[in-house]
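Heads up, the thing below is written out as structure tokens.
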Amino acid sequence: MAGAIQDLYDSNMRHSTDGIHQYSLYGESGQLPDVMHCETIAERSVIYEWELAPHRHDRLHQLLLLSVGSGVARLDEAEFVLPAGSLVNVPRTTVHAFTFEPGTDGWVLTLADAMLDELLAQAPDVRCALGRAWVGVAHPDVKEVVAQIGREYAGRAPGR
């Protein structure tokens, strides 16, 4: 895992020859400070006037959960309408962009892709499902778990 952690910390933003920006987190070229990052959709979207331009993450995996509001996701070449309750899976290297209605909120979980490999080594079917981009409807249990993660992450307690 030491190599995976180092890869996570080395995931700085770079420009590619195809013009798609590669970010640590959207709009940030700095290193991701934790092995997981959790923020609300509104935290980052409001900075960019609710529109996140096409970009990708070379070593990071993201899950977005819309709690309220709506938007549109572009995942590679496909476009999806996102009503409240949508769960969006964004594997590493997937070119993605979002346009949210002002006031939309929910959660964005960002994890090191290599960490997912390790955590899901005994669940290859789950890892395979997370290896492709998709949009689905979040089960109520997923909503609660993601909200718990968000509260824990925001708390900044030792061992969070």
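Order determines the names: the first chain of the structure tokens is A, the second B, and so forth; residues in each chain are numbered 1 upward, and ligands are numbered 1 upward as they are shown.
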
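Excluding Gly69 of chain A and any residue on its chain fewer than 3 positions from it, the residues at most 8 Å away by only C-alpha atoms are Leu66, Pro83, Ala84, Phe100, Glu101, Pro102, Gly103, Thr104 and Asp105 of chain A.
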
Written file, previous selection with C-alpha atoms, as a compact mmCIF listing (two decimals), in the first residue's frame:
# COMPACT_ATOMS: atom_id res chain seq x y z
CA LEU A 66 -27.16 14.47 -5.22
CA PRO A 83 -32.35 14.43 -10.40
CA ALA A 84 -32.07 14.45 -6.60
CA PHE A 100 -25.71 21.88 -11.49
CA GLU A 101 -28.76 24.02 -10.86
CA PRO A 102 -27.88 26.68 -8.26
CA GLY A 103 -28.65 25.38 -4.78
CA THR A 104 -27.95 21.75 -5.67
CA ASP A 105 -26.23 19.87 -2.89

Of A:Arg127, A:Lys143, A:Arg151, A:Arg156, the one sitting nearest Val68 of chain A when using only C-alpha atoms is A:Lys143

Backbone-only DSSP, strand (DSSP E) members of segment 13-159 of chain A, as number ranges by chain: A: 14-15, 21-22, 36-40, 51-56, 60-68, 71-75, 78-82, 86-90, 96-100, 105-112, 134-137

Contacts of Ala73 of chain A at 12 Å (only C-alpha atoms; same-chain gap of 6+ positions) as a ChimeraX atom specification: /A:50-54,64-66,79-83,86-90,94-101,133-136

With N, CA, C and O atoms retained, write the just-selected residues as a compact mmCIF listing (two decimals), in the first residue's frame.
# COMPACT_ATOMS: atom_id res chain seq x y z
N TRP A 50 -21.45 26.82 -10.59
CA TRP A 50 -22.24 25.59 -10.77
C TRP A 50 -21.89 24.81 -12.03
O TRP A 50 -22.64 23.93 -12.44
N GLU A 51 -20.76 25.12 -12.65
CA GLU A 51 -20.36 24.39 -13.87
C GLU A 51 -18.91 23.98 -13.77
O GLU A 51 -18.01 24.82 -13.68
N LEU A 52 -18.67 22.66 -13.78
CA LEU A 52 -17.33 22.11 -13.72
C LEU A 52 -16.97 21.60 -15.12
O LEU A 52 -17.60 20.67 -15.63
N ALA A 53 -15.98 22.23 -15.71
CA ALA A 53 -15.59 21.92 -17.09
C ALA A 53 -15.00 20.51 -17.20
O ALA A 53 -14.57 19.92 -16.19
N PRO A 54 -14.96 19.96 -18.42
CA PRO A 54 -14.41 18.61 -18.60
C PRO A 54 -12.99 18.50 -18.03
O PRO A 54 -12.14 19.35 -18.27
N LEU A 64 -20.43 10.75 -6.56
CA LEU A 64 -21.24 11.93 -6.25
C LEU A 64 -22.65 11.47 -5.92
O LEU A 64 -23.20 10.61 -6.62
N LEU A 65 -23.22 12.06 -4.89
CA LEU A 65 -24.59 11.78 -4.49
C LEU A 65 -25.33 13.10 -4.41
O LEU A 65 -24.97 13.97 -3.62
N LEU A 66 -26.34 13.26 -5.25
CA LEU A 66 -27.16 14.47 -5.22
C LEU A 66 -28.28 14.29 -4.20
O LEU A 66 -29.11 13.41 -4.37
N GLU A 79 -24.15 11.72 -21.79
CA GLU A 79 -24.71 12.79 -20.97
C GLU A 79 -25.90 12.23 -20.20
O GLU A 79 -26.71 11.49 -20.74
N PHE A 80 -25.98 12.59 -18.90
CA PHE A 80 -27.02 12.08 -18.02
C PHE A 80 -27.69 13.23 -17.28
O PHE A 80 -27.00 14.10 -16.75
N VAL A 81 -29.01 13.21 -17.20
CA VAL A 81 -29.75 14.14 -16.36
C VAL A 81 -29.68 13.59 -14.94
O VAL A 81 -29.85 12.39 -14.71
N LEU A 82 -29.43 14.49 -13.97
CA LEU A 82 -29.26 14.09 -12.58
C LEU A 82 -30.35 14.69 -11.69
O LEU A 82 -30.24 15.84 -11.27
N PRO A 83 -31.39 13.94 -11.39
CA PRO A 83 -32.35 14.43 -10.40
C PRO A 83 -31.80 14.16 -9.00
O PRO A 83 -30.82 13.43 -8.83
N SER A 86 -29.64 10.94 -7.32
CA SER A 86 -28.72 10.30 -8.26
C SER A 86 -27.39 9.97 -7.59
O SER A 86 -26.88 10.74 -6.77
N LEU A 87 -26.84 8.82 -7.96
CA LEU A 87 -25.50 8.41 -7.53
C LEU A 87 -24.66 8.29 -8.80
O LEU A 87 -25.06 7.60 -9.74
N VAL A 88 -23.55 9.00 -8.84
CA VAL A 88 -22.69 9.04 -10.03
C VAL A 88 -21.36 8.40 -9.69
O VAL A 88 -20.69 8.80 -8.73
N ASN A 89 -20.96 7.41 -10.48
CA ASN A 89 -19.68 6.73 -10.32
C ASN A 89 -18.72 7.23 -11.39
O ASN A 89 -19.02 7.13 -12.58
N VAL A 90 -17.58 7.77 -10.97
CA VAL A 90 -16.59 8.33 -11.90
C VAL A 90 -15.24 7.65 -11.66
O VAL A 90 -14.46 8.05 -10.79
N THR A 94 -11.74 8.83 -16.36
CA THR A 94 -12.99 9.16 -17.05
C THR A 94 -13.07 10.68 -17.19
O THR A 94 -12.99 11.40 -16.20
N VAL A 95 -13.23 11.16 -18.41
CA VAL A 95 -13.43 12.59 -18.62
C VAL A 95 -14.85 12.91 -18.18
O VAL A 95 -15.81 12.28 -18.64
N HIS A 96 -14.97 13.86 -17.25
CA HIS A 96 -16.29 14.18 -16.71
C HIS A 96 -16.44 15.68 -16.52
O HIS A 96 -15.47 16.41 -16.35
N ALA A 97 -17.70 16.10 -16.58
CA ALA A 97 -18.07 17.50 -16.39
C ALA A 97 -19.46 17.52 -15.78
O ALA A 97 -20.25 16.59 -15.98
N PHE A 98 -19.74 18.59 -15.03
CA PHE A 98 -21.04 18.71 -14.38
C PHE A 98 -21.57 20.12 -14.52
O PHE A 98 -20.81 21.09 -14.45
N THR A 99 -22.87 20.22 -14.71
CA THR A 99 -23.59 21.49 -14.61
C THR A 99 -24.71 21.25 -13.61
O THR A 99 -25.53 20.34 -13.80
N PHE A 100 -24.70 22.04 -12.54
CA PHE A 100 -25.71 21.88 -11.49
C PHE A 100 -26.60 23.11 -11.45
O PHE A 100 -26.14 24.22 -11.71
N GLU A 101 -27.86 22.90 -11.12
CA GLU A 101 -28.76 24.02 -10.86
C GLU A 101 -28.28 24.68 -9.57
O GLU A 101 -27.90 23.98 -8.63
N ALA A 133 -17.91 4.04 -15.73
CA ALA A 133 -18.72 5.20 -15.33
C ALA A 133 -20.20 4.85 -15.45
O ALA A 133 -20.61 4.19 -16.40
N TRP A 134 -21.00 5.28 -14.48
CA TRP A 134 -22.44 5.08 -14.52
C TRP A 134 -23.15 6.05 -13.61
O TRP A 134 -22.56 6.65 -12.73
N VAL A 135 -24.46 6.17 -13.86
CA VAL A 135 -25.35 6.96 -13.02
C VAL A 135 -26.50 6.06 -12.61
O VAL A 135 -27.07 5.35 -13.45
N GLY A 136 -26.82 6.07 -11.33
CA GLY A 136 -27.92 5.26 -10.83
C GLY A 136 -28.69 6.03 -9.78
O GLY A 136 -28.45 7.21 -9.54

Just the number, please: distance in Å from atom CA of Gln148 of chain A to atom CA of Ala42 of chain A, one decimal. 17.4 Å

In terms of the shortest atom-to-atom distance over only C-alpha atoms, which of A:His55, A:Val46, A:Leu116, A:Ala154 is closest to Arg74 of chain A? A:His55
